[in-house]
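Visitor: One structure follows; several queries about it will come next.
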Amino acid sequence: MWDGLDQYQFFESILFETFGKAVEVNDARFVAGGSINTAARVLTPEGTFFVKFNHAEKEDMFEKEARGLALLRNTNAIHIPEVYGYGKNGGRAYLIQEFVENGGQHPNFWRTFGQSLAKLHSHTQPFFGLNFDNYLGSLEQNNTFYENGIDFFVEKRLRPQAGLALYNNLIGAELYNRLERFYPLLKNLLPTEAPALIHGDLWSGNFLINEHGRVSLVDPAPYYGYREAELAFTHLFGGFDDEFYENYQESFPFEPHFEARIPIYNLYPLLVHVNLFGRSYLPPIERLIKRYVGV
């Protein structure tokens, strides 16, 4: 851990790089930044900033995050914090954003959240994927375009994560082969829908209640994919009110029997969590595969 002087020098240096002028740091407090990055609330006469930084193992991570934030913000569907700059300084990669002041929850918070997410998902394009790759956590996310959503889901989401888990001995060859037997079944299990622009990592830790009592989304991993996969992920760890789902459904209804498809879509984030955090995330994967392909 740095001493206070080193911290201030780092923040003032990256603020100078970003704004092209000296910006005095009056105060800097470390805040929650997830499992990958360190984060700080940096108070200056020019405003309060949220700064994330790491040791630059993946130098393009913050560049991709900034592009993803801009993509979502440009839809005007939901509040996304402004990005002021990113780069590398003294062996550390950094991202400087608008600091979202925490406010009390507006009485219509969940209703407008559901409606706003439905509005985001109404943005579409002809292909599944995105015109640049990005990251989910610290794992690379390949967004090569596919016309067919199931092919994209298998080839660019499920199979790469299962292969990585196999390579790292987090799953055995038996489960990997059973997953391979499961993939062809998806054409009869998932509905046909147009690609939707999704946040890509929407769990309760990645939305904030801003000073207006409305939602602000952070830490995205966006692409055009199955919107149902986004909503399925919100069920994985909880934290979303029933009113959120009800108002989303009113704005942009799902095909029937969405609830039955939730475990299928959550194969992707579960495999990601296996690769990031270990085998404790395997049981729901094994239950799903047993249900569809047996033992």
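Chains: A, B, ... in order of the structure tokens. Residues: from 1 per chain. Ligands: from 1, in order shown.
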Please give the complete set of residues from range 247-280 of chain A that DSSP, run on the backbone, assigns to helix (DSSP H, G or I), formatted as a list in words.

Guide: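 The helix (DSSP H, G or I) subset of range 247-280 of chain A is Asn247, Tyr248, Gln249, Glu250, Ser251, Phe258, Glu259, Ala260, Arg261, Ile262, Pro263, Ile264, Tyr265, Leu267, Tyr268, Pro269, Leu270, Leu271, Val272, His273, Val274, Asn275, Leu276, Phe277, Arg279 and Ser280 of chain A.
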
Visitor: Which parts of range 64-284 of chain A does DSSP call strand (DSSP E or B) when run on the backbone here, written out as a ChimeraX atom specification?

Guide: /A:79,83-89,92-98,128-129,134-136,139-141,146,196-198,207-209,215-217,223-225

Visitor: If we count only C-alpha atoms, what is near Tyr268 in chain A at a cut-off of 12 Å, once residues fewer than 3 positions away on the same chain are taken out, given as an MDAnalysis selection string?

Guide: chainID A and resid 136 141 152:162 165 179 200:201 226 229:230 232:233 236 262:265 271:275 281:282 284:285

Visitor: What is the distance between CA of Thr48 in chain A and CA of Glu82 in chain A, in Å to one decimal?

Guide: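 Result for CA of Thr48 in chain A versus CA of Glu82 in chain A: 12.1 Å, one decimal.
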
Visitor: For Gly114 in chain A, work out the shell of residues within 12 Å, counting only C-alpha atoms and skipping chain neighbours fewer than 4 positions away, then give it as an MDAnalysis selection string.

Guide: chainID A and resid 77:78 108:110 118:121 214:215 231 234 240:253

Visitor: Can you spit out the residues from that selection as a PDB file, in the first residue's frame, using C-alpha atoms?

Guide:
```
ATOM      1  CA  ALA A  77     -31.777   4.688 -22.139  1.00  0.00           C
ATOM      2  CA  ILE A  78     -30.270   4.648 -18.654  1.00  0.00           C
ATOM      3  CA  ASN A 108     -40.386   4.715  -8.564  1.00  0.00           C
ATOM      4  CA  PHE A 109     -36.827   3.363  -8.618  1.00  0.00           C
ATOM      5  CA  TRP A 110     -37.634  -0.233  -9.591  1.00  0.00           C
ATOM      6  CA  ALA A 118     -36.173  -2.605 -21.571  1.00  0.00           C
ATOM      7  CA  LYS A 119     -35.420   0.574 -23.525  1.00  0.00           C
ATOM      8  CA  LEU A 120     -31.712  -0.318 -23.612  1.00  0.00           C
ATOM      9  CA  HIS A 121     -32.565  -3.795 -24.877  1.00  0.00           C
ATOM     10  CA  ARG A 214     -32.383   6.697  -9.932  1.00  0.00           C
ATOM     11  CA  VAL A 215     -30.238   3.879 -11.243  1.00  0.00           C
ATOM     12  CA  LEU A 231     -32.461 -10.869 -17.034  1.00  0.00           C
ATOM     13  CA  THR A 234     -30.087 -10.740 -12.415  1.00  0.00           C
ATOM     14  CA  PHE A 240     -33.703  -7.106  -7.795  1.00  0.00           C
ATOM     15  CA  ASP A 241     -37.252  -6.298  -6.715  1.00  0.00           C
ATOM     16  CA  ASP A 242     -40.303  -7.974  -8.281  1.00  0.00           C
ATOM     17  CA  GLU A 243     -41.422  -4.530  -9.490  1.00  0.00           C
ATOM     18  CA  PHE A 244     -38.312  -4.365 -11.667  1.00  0.00           C
ATOM     19  CA  TYR A 245     -39.276  -7.565 -13.513  1.00  0.00           C
ATOM     20  CA  GLU A 246     -42.949  -6.649 -13.759  1.00  0.00           C
ATOM     21  CA  ASN A 247     -42.234  -3.312 -15.412  1.00  0.00           C
ATOM     22  CA  TYR A 248     -39.626  -4.768 -17.738  1.00  0.00           C
ATOM     23  CA  GLN A 249     -42.128  -7.401 -18.809  1.00  0.00           C
ATOM     24  CA  GLU A 250     -44.809  -4.772 -19.429  1.00  0.00           C
ATOM     25  CA  SER A 251     -42.412  -2.759 -21.563  1.00  0.00           C
ATOM     26  CA  PHE A 252     -40.802  -5.627 -23.505  1.00  0.00           C
ATOM     27  CA  PRO A 253     -42.534  -8.999 -22.904  1.00  0.00           C
TER      28      PRO A 253
END
```

Visitor: Residues within 9 Å of Glu12 in chain A, please, as an NGL selection string. Count only C-alpha atoms; anything in the same chain fewer than 4 positions from it doesn't count.

Guide: :A and (7-8 or 16-17 or 22-25)
